[in-house]
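Here's upload.cif, which has mmCIF, C-alpha atoms:
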```cif
data_target
loop_
_atom_site.label_atom_id
_atom_site.label_comp_id
_atom_site.auth_asym_id
_atom_site.auth_seq_id
_atom_site.Cartn_x
_atom_site.Cartn_y
_atom_site.Cartn_z
CA MET A 728 0.00 0.00 0.00
CA SER A 729 1.40 3.35 -1.04
CA GLU A 730 2.31 6.14 1.39
CA HIS A 731 1.28 9.73 0.83
CA ILE A 732 2.17 13.05 2.39
CA ILE A 733 -0.88 15.14 3.18
CA ARG A 734 -0.94 18.73 4.39
CA PHE A 735 -3.95 20.24 6.09
CA THR A 736 -4.95 22.70 8.77
CA VAL A 737 -6.79 21.26 11.75
CA ASN A 738 -8.23 23.59 14.38
CA GLY A 739 -5.94 26.38 13.13
CA VAL A 740 -2.76 24.27 13.25
CA ARG A 741 -1.00 23.37 10.00
CA ARG A 742 0.04 19.73 9.86
CA GLU A 743 1.93 17.40 7.56
CA GLN A 744 1.31 13.68 7.94
CA HIS A 745 2.51 10.55 6.20
CA VAL A 746 -0.50 8.32 5.61
CA ALA A 747 -0.97 4.91 4.02
CA ALA A 748 -3.45 5.03 1.14
CA GLN A 749 -6.12 2.92 2.84
CA ARG A 750 -6.31 4.98 6.05
CA ARG A 751 -9.39 7.00 6.95
CA LEU A 752 -9.42 10.55 8.20
CA ILE A 753 -10.70 9.47 11.62
CA ASP A 754 -7.61 7.26 12.10
CA VAL A 755 -5.28 10.16 11.28
CA LEU A 756 -7.15 12.57 13.56
CA ARG A 757 -7.30 10.22 16.55
CA ASP A 758 -4.10 8.19 16.25
CA ASP A 759 -1.66 10.59 14.57
CA CYS A 760 -2.94 13.99 15.71
CA GLY A 761 -4.12 12.86 19.16
CA LEU A 762 -7.51 14.50 18.59
CA THR A 763 -9.55 11.80 20.32
CA GLY A 764 -12.60 14.00 20.82
CA THR A 765 -13.87 12.71 17.47
CA LYS A 766 -15.50 9.37 18.27
CA GLU A 767 -15.94 6.25 16.17
CA GLY A 768 -19.42 4.81 16.51
CA CYS A 769 -20.98 2.76 13.74
CA SER A 770 -18.03 2.97 11.28
CA VAL A 771 -20.46 3.02 8.35
CA GLY A 772 -21.51 6.67 8.15
CA ILE A 773 -24.88 6.38 9.87
CA CYS A 774 -24.46 7.46 13.51
CA GLY A 775 -22.65 10.79 13.15
CA ALA A 776 -20.29 10.35 16.14
CA CYS A 777 -17.27 10.95 13.86
CA SER A 778 -18.64 14.17 12.29
CA VAL A 779 -16.01 16.80 11.48
CA LEU A 780 -16.02 19.91 9.31
CA ILE A 781 -13.98 19.86 6.10
CA ASP A 782 -13.81 23.35 4.61
CA GLY A 783 -16.97 24.12 6.59
CA GLU A 784 -18.99 21.10 5.40
CA VAL A 785 -19.92 18.31 7.79
CA ILE A 786 -18.79 14.82 6.78
CA SER A 787 -18.27 11.40 8.37
CA SER A 788 -14.55 11.07 9.07
CA CYS A 789 -14.98 7.27 9.16
CA LEU A 790 -15.80 7.32 5.43
CA LEU A 791 -13.27 9.86 4.14
CA PRO A 792 -10.00 8.53 2.72
CA ALA A 793 -7.32 10.44 4.65
CA THR A 794 -5.65 11.45 1.39
CA TYR A 795 -8.78 13.47 0.61
CA ALA A 796 -7.96 15.76 3.54
CA ASP A 797 -4.92 17.07 1.64
CA GLY A 798 -5.19 20.83 1.22
CA THR A 799 -8.28 21.19 3.39
CA THR A 800 -9.15 23.03 6.59
CA ILE A 801 -10.60 20.75 9.26
CA THR A 802 -12.48 21.58 12.43
CA THR A 803 -12.92 18.93 15.12
CA ILE A 804 -14.64 19.23 18.49
CA GLU A 805 -11.33 20.38 20.02
CA GLY A 806 -11.38 23.40 17.68
CA LEU A 807 -14.69 24.90 18.80
CA ALA A 808 -13.70 26.44 22.17
CA ARG A 809 -11.05 29.17 22.01
CA GLY A 810 -8.68 29.80 24.92
CA GLY A 811 -10.80 27.74 27.29
CA GLU A 812 -13.90 29.75 26.35
CA LEU A 813 -16.79 27.54 25.25
CA THR A 814 -18.89 28.58 22.27
CA PRO A 815 -22.49 29.70 22.97
CA LEU A 816 -23.60 26.38 21.47
CA GLN A 817 -21.43 24.35 23.85
CA ASP A 818 -22.73 26.41 26.79
CA ALA A 819 -26.31 25.83 25.65
CA PHE A 820 -25.78 22.04 25.41
CA ILE A 821 -24.77 22.17 29.11
CA THR A 822 -27.57 24.43 30.35
CA GLU A 823 -30.31 22.80 28.25
CA GLY A 824 -29.32 19.19 28.93
CA GLY A 825 -28.24 18.53 25.36
CA PHE A 826 -26.30 15.42 26.34
CA GLN A 827 -26.15 12.65 28.87
CA CYS A 828 -23.50 9.97 28.33
CA GLY A 829 -21.58 12.23 25.95
CA ILE A 830 -20.40 9.79 23.27
CA CYS A 831 -22.41 11.44 20.50
CA THR A 832 -21.87 15.00 21.75
CA PRO A 833 -18.78 15.93 19.71
CA GLY A 834 -20.64 14.97 16.53
CA GLN A 835 -23.82 16.73 17.64
CA LEU A 836 -21.87 19.93 18.31
CA ILE A 837 -20.02 19.78 14.99
CA THR A 838 -23.24 19.31 12.99
CA ALA A 839 -25.06 21.97 15.00
CA THR A 840 -22.14 24.36 14.43
CA ALA A 841 -22.46 23.83 10.66
CA LEU A 842 -26.24 24.28 10.93
CA LEU A 843 -25.91 27.63 12.71
CA ALA A 844 -23.33 28.78 10.15
CA ALA A 845 -25.82 28.03 7.35
CA HIS A 846 -28.98 29.10 9.22
CA PRO A 847 -28.22 31.49 12.10
CA ARG A 848 -31.86 31.35 13.28
CA PRO A 849 -32.98 27.81 12.33
CA THR A 850 -36.58 26.63 12.49
CA ASP A 851 -37.51 23.34 14.18
CA THR A 852 -37.81 21.82 10.72
CA GLN A 853 -34.31 22.96 9.74
CA ILE A 854 -32.91 21.63 13.02
CA ASP A 855 -34.59 18.28 12.45
CA GLU A 856 -33.34 18.10 8.84
CA TRP A 857 -29.74 18.76 9.87
CA MET A 858 -29.61 16.85 13.16
CA THR A 859 -31.56 13.77 12.05
CA SER A 860 -28.33 12.14 10.97
CA ASN A 861 -26.64 12.41 14.40
CA LEU A 862 -27.96 9.64 16.61
CA CYS A 863 -28.33 10.01 20.39
CA ARG A 864 -29.58 7.17 22.58
CA CYS A 865 -29.91 9.20 25.83
CA THR A 866 -31.48 12.62 25.47
CA GLY A 867 -34.50 12.06 23.27
CA TYR A 868 -33.25 15.01 21.20
CA HIS A 869 -35.44 17.67 22.82
CA GLY A 870 -32.52 19.04 24.86
CA ILE A 871 -30.40 19.21 21.71
CA ARG A 872 -33.10 21.12 19.86
CA ARG A 873 -33.54 23.54 22.81
CA ALA A 874 -29.78 24.10 23.01
CA ILE A 875 -29.56 24.97 19.32
CA HIS A 876 -32.45 27.45 19.64
CA LYS A 877 -30.80 29.00 22.68
CA ALA A 878 -27.41 29.34 21.00
CA ALA A 879 -29.12 30.85 17.93
CA VAL A 880 -30.53 33.77 19.91
CA THR A 881 -27.46 34.41 22.07
CA MET B 1497 -11.37 4.67 -9.75
CA LEU B 1498 -12.21 6.63 -6.65
CA ALA B 1499 -14.86 9.36 -6.63
CA GLY B 1500 -16.32 10.59 -3.32
CA GLY B 1501 -15.10 7.56 -1.41
CA THR B 1502 -18.13 6.73 0.78
CA ALA B 1503 -18.97 3.36 -0.77
CA PHE B 1504 -15.31 2.66 -1.57
CA THR B 1505 -14.25 3.00 2.08
CA LEU B 1506 -16.95 0.58 3.22
CA LEU B 1507 -16.22 -1.99 0.49
CA LEU B 1508 -12.50 -1.82 1.29
CA ARG B 1509 -13.04 -2.35 5.02
CA GLN B 1510 -15.45 -5.22 4.41
CA GLY B 1511 -12.88 -6.92 2.17
CA LEU B 1512 -15.26 -6.88 -0.78
CA ILE B 1513 -12.70 -5.09 -2.98
CA ARG B 1514 -8.94 -5.52 -2.92
CA PRO B 1515 -7.61 -2.93 -5.37
CA THR B 1516 -3.92 -2.95 -6.23
CA THR B 1517 -4.06 0.58 -7.66
CA VAL B 1518 -6.52 3.32 -6.88
CA VAL B 1519 -6.83 6.46 -9.01
CA SER B 1520 -8.75 9.36 -7.51
CA LEU B 1521 -10.73 11.65 -9.80
CA ARG B 1522 -11.01 14.33 -7.12
CA ARG B 1523 -8.48 16.81 -8.45
CA ILE B 1524 -9.70 16.85 -12.06
CA SER B 1525 -10.47 20.48 -12.71
CA GLY B 1526 -14.12 21.18 -13.45
CA ALA B 1527 -15.24 17.58 -12.94
CA ASN B 1528 -17.67 18.68 -10.24
CA ARG B 1529 -19.33 21.44 -12.24
CA ILE B 1530 -23.02 21.64 -13.10
CA LEU B 1531 -24.01 23.52 -16.25
CA ALA B 1532 -27.37 24.33 -17.82
CA ASP B 1533 -27.71 24.39 -21.61
CA SER B 1534 -29.92 26.69 -23.66
CA HIS B 1535 -32.63 24.01 -24.08
CA GLY B 1536 -33.26 23.52 -20.37
CA GLY B 1537 -30.94 20.53 -20.13
CA LEU B 1538 -28.26 19.82 -17.55
CA TRP B 1539 -24.62 18.75 -17.70
CA ILE B 1540 -23.60 17.29 -14.37
CA GLY B 1541 -19.91 16.62 -13.81
CA ALA B 1542 -19.40 13.15 -12.37
CA MET B 1543 -17.64 14.55 -9.28
CA ALA B 1544 -20.51 16.85 -8.28
CA THR B 1545 -21.67 15.83 -4.81
CA HIS B 1546 -25.31 15.15 -3.98
CA SER B 1547 -25.30 18.34 -1.88
CA THR B 1548 -24.03 20.33 -4.86
CA VAL B 1549 -26.98 19.04 -6.90
CA VAL B 1550 -29.46 19.80 -4.10
CA ARG B 1551 -28.19 23.40 -3.85
CA SER B 1552 -27.58 24.01 -7.56
CA PRO B 1553 -29.65 26.88 -9.01
CA GLU B 1554 -29.32 25.26 -12.46
CA VAL B 1555 -30.78 21.95 -11.26
CA ARG B 1556 -33.47 23.74 -9.24
CA ARG B 1557 -34.49 25.68 -12.37
CA ASN B 1558 -34.41 22.89 -14.99
CA TRP B 1559 -35.09 19.66 -13.08
CA PRO B 1560 -36.09 20.41 -9.48
CA GLU B 1561 -37.41 16.85 -9.20
CA PHE B 1562 -33.84 15.60 -9.64
CA ALA B 1563 -32.63 17.87 -6.83
CA ASP B 1564 -35.46 16.50 -4.66
CA ALA B 1565 -34.41 12.93 -5.42
CA ALA B 1566 -30.76 13.68 -4.56
CA ALA B 1567 -31.94 15.20 -1.25
CA THR B 1568 -33.42 11.85 -0.18
CA VAL B 1569 -30.01 10.15 -0.20
CA ALA B 1570 -28.80 8.97 3.23
CA THR B 1571 -27.64 11.82 5.48
CA LEU B 1572 -26.30 15.32 5.00
CA ARG B 1573 -22.78 14.06 5.70
CA ILE B 1574 -23.01 11.43 2.97
CA ARG B 1575 -24.56 13.92 0.52
CA ASN B 1576 -21.62 16.28 1.20
CA GLN B 1577 -19.12 13.61 0.17
CA ALA B 1578 -20.76 11.12 -2.19
CA THR B 1579 -20.81 12.08 -5.89
CA ILE B 1580 -23.39 11.62 -8.65
CA GLY B 1581 -20.92 9.83 -10.92
CA GLY B 1582 -19.85 7.60 -8.04
CA SER B 1583 -23.45 6.67 -7.31
CA VAL B 1584 -24.03 5.67 -10.94
CA ALA B 1585 -20.74 3.76 -11.24
CA HIS B 1586 -21.31 1.98 -7.91
CA ALA B 1587 -24.64 0.70 -9.29
CA ASP B 1588 -26.22 -0.11 -5.95
CA PRO B 1589 -29.80 -1.02 -6.98
CA ALA B 1590 -31.13 0.56 -3.76
CA SER B 1591 -29.54 3.96 -4.54
CA ASP B 1592 -31.86 6.84 -5.35
CA VAL B 1593 -30.06 8.88 -8.02
CA PRO B 1594 -29.62 6.06 -10.60
CA VAL B 1595 -33.35 5.31 -10.52
CA MET B 1596 -34.31 8.94 -11.07
CA LEU B 1597 -31.70 9.41 -13.82
CA ALA B 1598 -33.10 6.33 -15.61
CA ALA B 1599 -36.62 7.78 -15.57
CA LEU B 1600 -35.24 11.06 -16.94
CA ASP B 1601 -33.50 9.21 -19.82
CA ALA B 1602 -30.12 10.56 -18.77
CA GLN B 1603 -27.08 10.01 -20.97
CA VAL B 1604 -23.75 9.04 -19.45
CA ILE B 1605 -20.59 10.41 -21.03
CA VAL B 1606 -18.07 7.60 -20.65
CA ARG B 1607 -14.34 8.27 -20.87
CA LYS B 1608 -12.45 5.62 -22.79
CA PRO B 1609 -8.79 5.81 -23.81
CA ASN B 1610 -9.63 7.19 -27.29
CA ALA B 1611 -13.29 8.12 -27.17
CA ALA B 1612 -16.06 9.58 -25.04
CA PRO B 1613 -19.31 7.91 -26.13
CA ARG B 1614 -22.75 8.86 -24.83
CA VAL B 1615 -24.42 5.84 -23.28
CA PRO B 1616 -28.12 5.80 -22.34
CA ILE B 1617 -28.03 5.24 -18.58
CA ASP B 1618 -30.47 2.34 -18.87
CA GLN B 1619 -27.78 0.47 -20.87
CA LEU B 1620 -25.12 1.15 -18.24
CA PHE B 1621 -26.76 -0.82 -15.43
CA ILE B 1622 -26.26 -4.58 -15.60
CA ASP B 1623 -26.72 -5.99 -12.10
CA THR B 1624 -25.94 -5.27 -8.44
CA PHE B 1625 -22.65 -3.29 -8.28
CA THR B 1626 -22.13 -4.10 -11.98
CA THR B 1627 -22.14 -1.71 -14.94
CA SER B 1628 -21.17 -2.01 -18.59
CA LEU B 1629 -18.06 0.10 -17.89
CA ALA B 1630 -14.89 -1.81 -18.82
CA PRO B 1631 -11.67 -1.57 -16.79
CA GLY B 1632 -10.01 1.77 -17.49
CA GLU B 1633 -13.28 3.47 -18.41
CA PHE B 1634 -14.92 5.99 -16.16
CA ILE B 1635 -17.85 8.40 -16.08
CA GLU B 1636 -17.01 11.96 -17.10
CA SER B 1637 -20.46 13.50 -16.79
CA ILE B 1638 -24.16 12.90 -16.97
CA GLN B 1639 -26.52 14.78 -19.25
CA ILE B 1640 -30.26 15.25 -18.84
CA ALA B 1641 -32.17 16.71 -21.80
CA GLY B 1642 -34.49 19.64 -21.27
CA ARG B 1643 -38.17 19.18 -20.52
CA GLY B 1644 -41.25 20.10 -22.51
CA PRO B 1645 -43.85 22.53 -21.20
CA ASN B 1646 -46.05 19.62 -20.02
CA THR B 1647 -43.35 17.35 -18.64
CA ARG B 1648 -43.85 16.21 -15.07
CA ALA B 1649 -41.60 14.03 -12.94
CA VAL B 1650 -41.59 12.65 -9.42
CA TYR B 1651 -39.44 10.51 -7.14
CA LEU B 1652 -41.09 8.67 -4.27
CA LYS B 1653 -38.97 6.85 -1.69
CA TYR B 1654 -40.56 4.52 0.84
CA THR B 1655 -38.47 4.27 4.01
CA PRO B 1656 -40.60 2.76 6.79
CA ARG B 1657 -37.75 2.61 9.35
CA SER B 1658 -35.90 5.95 9.23
CA VAL B 1659 -35.51 8.77 6.71
CA ASP B 1660 -31.79 8.20 6.19
CA ASP B 1661 -32.27 4.52 5.28
CA TYR B 1662 -32.08 2.90 1.88
CA ALA B 1663 -35.47 2.58 0.24
CA THR B 1664 -37.66 -0.45 0.78
CA VAL B 1665 -39.09 0.50 -2.60
CA SER B 1666 -38.59 3.67 -4.64
CA VAL B 1667 -40.37 4.87 -7.76
CA ALA B 1668 -39.19 7.43 -10.32
CA ALA B 1669 -41.74 8.45 -12.93
CA ARG B 1670 -41.85 10.95 -15.77
CA ALA B 1671 -44.56 11.70 -18.31
CA GLU B 1672 -46.20 14.35 -20.45
CA VAL B 1673 -49.40 15.52 -18.82
CA GLU B 1674 -52.19 17.37 -20.63
CA GLU B 1675 -55.65 18.00 -19.19
CA GLY B 1676 -55.23 15.26 -16.61
CA ARG B 1677 -54.14 12.71 -19.23
CA LEU B 1678 -50.77 11.05 -19.14
CA ARG B 1679 -48.60 10.39 -22.22
CA ALA B 1680 -45.22 8.74 -22.81
CA PRO B 1681 -44.69 7.48 -19.26
CA ARG B 1682 -41.27 6.33 -18.07
CA ILE B 1683 -41.31 4.44 -14.79
CA PHE B 1684 -38.35 2.92 -12.95
CA LEU B 1685 -38.17 1.33 -9.52
CA GLY B 1686 -35.31 1.05 -7.04
CA ALA B 1687 -34.44 -1.63 -4.46
CA VAL B 1688 -36.59 -4.29 -6.18
CA GLY B 1689 -34.04 -5.98 -8.45
CA GLY B 1690 -30.36 -5.99 -9.38
CA ARG B 1691 -30.62 -2.65 -11.18
CA PRO B 1692 -33.14 0.16 -11.65
CA MET B 1693 -36.14 -1.87 -12.85
CA ARG B 1694 -38.25 -0.48 -15.66
CA ALA B 1695 -42.01 -0.97 -15.20
CA MET B 1696 -42.52 -2.11 -18.79
CA SER B 1697 -45.96 -3.68 -18.24
CA VAL B 1698 -47.22 -0.58 -16.46
CA GLU B 1699 -45.93 1.70 -19.22
CA ALA B 1700 -47.51 -0.53 -21.89
CA ALA B 1701 -50.87 -0.63 -20.07
CA LEU B 1702 -50.87 3.13 -19.67
CA GLY B 1703 -50.31 3.68 -23.36
CA ASP B 1704 -50.99 7.20 -24.52
CA GLY B 1705 -53.57 9.54 -23.10
CA THR B 1706 -54.52 7.54 -20.03
CA GLU B 1707 -56.92 8.99 -17.49
CA ALA B 1708 -56.43 8.69 -13.73
CA ARG B 1709 -59.17 6.06 -13.28
CA ALA B 1710 -57.01 3.54 -15.13
CA PHE B 1711 -53.98 4.07 -12.87
CA ALA B 1712 -54.82 1.43 -10.23
CA ASP B 1713 -55.18 -1.38 -12.77
CA ALA B 1714 -51.99 -0.34 -14.57
CA ALA B 1715 -50.00 -0.03 -11.32
CA ALA B 1716 -50.99 -3.57 -10.29
CA LEU B 1717 -49.00 -4.90 -13.26
CA VAL B 1718 -45.74 -3.72 -11.68
CA ARG B 1719 -45.59 -6.94 -9.65
CA SER B 1720 -44.36 -8.82 -12.72
CA ASP B 1721 -41.85 -6.10 -13.71
CA ILE B 1722 -39.72 -6.39 -10.58
CA ASP B 1723 -37.64 -9.03 -8.83
CA PRO B 1724 -37.29 -8.09 -5.15
CA ILE B 1725 -35.58 -10.20 -2.47
CA ASP B 1726 -36.43 -10.82 1.19
CA ASP B 1727 -34.23 -8.70 3.43
CA VAL B 1728 -34.32 -6.50 6.54
CA ARG B 1729 -36.36 -3.87 4.66
CA GLY B 1730 -39.22 -6.25 3.95
CA SER B 1731 -40.17 -9.55 2.36
CA ALA B 1732 -40.23 -9.86 -1.41
CA GLU B 1733 -44.02 -10.09 -1.28
CA TYR B 1734 -44.27 -6.94 0.85
CA LYS B 1735 -42.05 -5.06 -1.60
CA ARG B 1736 -44.21 -6.15 -4.55
CA GLU B 1737 -47.27 -4.83 -2.75
CA MET B 1738 -45.55 -1.55 -1.82
CA ALA B 1739 -44.32 -1.22 -5.41
CA ARG B 1740 -47.94 -1.37 -6.58
CA VAL B 1741 -49.00 1.22 -4.00
CA PHE B 1742 -46.16 3.63 -4.78
CA VAL B 1743 -46.43 3.32 -8.57
CA GLU B 1744 -50.09 4.31 -8.31
CA ARG B 1745 -49.18 7.21 -6.01
CA ALA B 1746 -46.48 8.34 -8.42
CA LEU B 1747 -48.92 8.32 -11.35
CA ARG B 1748 -51.49 10.29 -9.35
CA THR B 1749 -48.77 12.76 -8.34
CA LEU B 1750 -47.86 13.32 -12.00
CA VAL B 1751 -51.39 14.41 -12.93
CA ALA B 1752 -52.16 16.24 -9.66
#
```

Translate this file's structure into structure tokens.
Amino acid sequence: MSEHIIRFTVNGVRREQHVAAQRRLIDVLRDDCGLTGTKEGCSVGICGACSVLIDGEVISSCLLPATYADGTTITTIEGLARGGELTPLQDAFITEGGFQCGICTPGQLITATALLAAHPRPTDTQIDEWMTSNLCRCTGYHGIRRAIHKAAVT
Amino acid sequence: MLAGGTAFTLLLRQGLIRPTTVVSLRRISGANRILADSHGGLWIGAMATHSTVVRSPEVRRNWPEFADAAATVATLRIRNQATIGGSVAHADPASDVPVMLAALDAQVIVRKPNAAPRVPIDQLFIDTFTTSLAPGEFIESIQIAGRGPNTRAVYLKYTPRSVDDYATVSVAARAEVEEGRLRAPRIFLGAVGGRPMRAMSVEAALGDGTEARAFADAAALVRSDIDPIDDVRGSAEYKREMARVFVERALRTLVA
């Protein structure tokens, strides 16, 4: 299997990594970059736990060949808070009970961040359309929806 | 040949493909563009993602039904990565876009070493994960001709479990509609055979100038046009029955 050099910016930090052709982005993020906030759930692109932003668009990092990250700008859960300051969305997930066990939360926050970038004041329908692909087995989703509404008006 | 990589990554991890060489089409300049021609047609670069199609003003203007069909695919994350050309080349019979493109009589521009023939998409699909593309050939783009003033189209996807699932049955239909009468119908179904299945008997029964009261009898003929299997999304018999129901709904939607 061939080796490739990929260059990308993750959470504002420029990186250069040697990757084998068959590796996935999630492997490079977790194992090479130490960014273990991105979780691997279903491994088949359904659950959304591994959601990250590539050039602002949310994707499943378990399905992206790592070589496809070359030249991109990536945001993971570690890149949302700045200088220890949580984003309004992260704050709202805490105050509105937007999570319980926490395994899906990085993916929820990444998708909700992309949603608010596209629709700063989303309707319930828009929230459902965007968040339907991030599964949560604890909250029942109402807390997540409340948190997104709260962050939208802050 | 690697396009968006969603299906490829899964097939690789499941050991279903063991490629010795992989060539990515990602960096080919312009391969993800979508253009409208002066006759209301569309040229869709093979590397355009499903999300690009959903958001495209050109698609929304000329064939909004195609944008709607692309929007039913899986999840937002998959639509952001998976490409139209990849979906066609992958030839998963449960995929949405190939079924709709078949009903729209799309043409596939195939890149060969010394030629770029236009292949009717119906001739491209052979069986599950199998197309008529030979090794070394790949899809450059997909063309959809413009519509007439009375052309209607619809894509219905039946997903009883969750919206991001593959279809249990899907129906793509297109026809000319005048004064509630339906002419020149084209009907294809997804997830009920090894490829997008054309509802030949239904089309033949509809003939030209059919009124809505004949739709139920015509739709019932779809049972013999398809070849579904028992799986987690329903028994073969259930899929035949849902095919009948959704073909009739599609026909009624066309004339509504």

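Residues matched by the PyMOL selection byres ((chain B and resi 1498-1505) around 8) in this structure: A:Arg751, A:Leu790, A:Leu791, A:Pro792, B:Met1497, B:Leu1506, B:Leu1507, B:Leu1508, B:Arg1509, B:Val1518, B:Val1519, B:Ser1520, B:Leu1521, B:Arg1522, B:Met1543, B:Thr1545, B:Ile1574, B:Gln1577, B:Ala1578, B:Thr1579, B:Gly1581, B:Gly1582, B:His1586.
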
Target residues per the PyMOL selection byres ((chain A) within 10 of (chain B)), formatted as number ranges by chain: A: 728-729, 748-751, 770-775, 778-781, 784-792, 794-795, 838, 856-861

Close residues, Leu842 in chain A itself excluded, 9 Å, all atoms listed in the file, min 3 positions apart in chain, as a list in words: Ile837, Thr838, Ala839, Ala845, His846, Pro847, Pro849, Gln853, Ile854, Trp857 and Met858 of chain A

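CA of Ala1710 in chain B is positioned 22.9 Å from CA of Tyr1654 in chain B.
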
Using all atoms listed in the file, which protein or nucleic acid residues come within 8 Å of range 1645-1647 of chain B? Drop anything in the same chain fewer than 4 positions from it, and give the result as a compact mmCIF listing (two decimals) with C-alpha atoms, in the frame of the given file.
```
# COMPACT_ATOMS: atom_id res chain seq x y z
CA ARG B 1670 -41.85 10.95 -15.77
CA ALA B 1671 -44.56 11.70 -18.31
CA GLU B 1672 -46.20 14.35 -20.45
CA VAL B 1673 -49.40 15.52 -18.82
CA GLU B 1674 -52.19 17.37 -20.63
```

Determine, counting all atoms listed in the file, which protein, DNA and RNA residues have an atom within 10 Å of an atom of Gln744 in chain A; residues of the same chain fewer than 4 positions away are not included. Present the result as a list in words.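 Within the cut-off, the hits are His731, Ile732, Ile733, Arg734, Phe735, Val755, Asp759, Cys760, Ala793, Thr794 and Asp797 of chain A.
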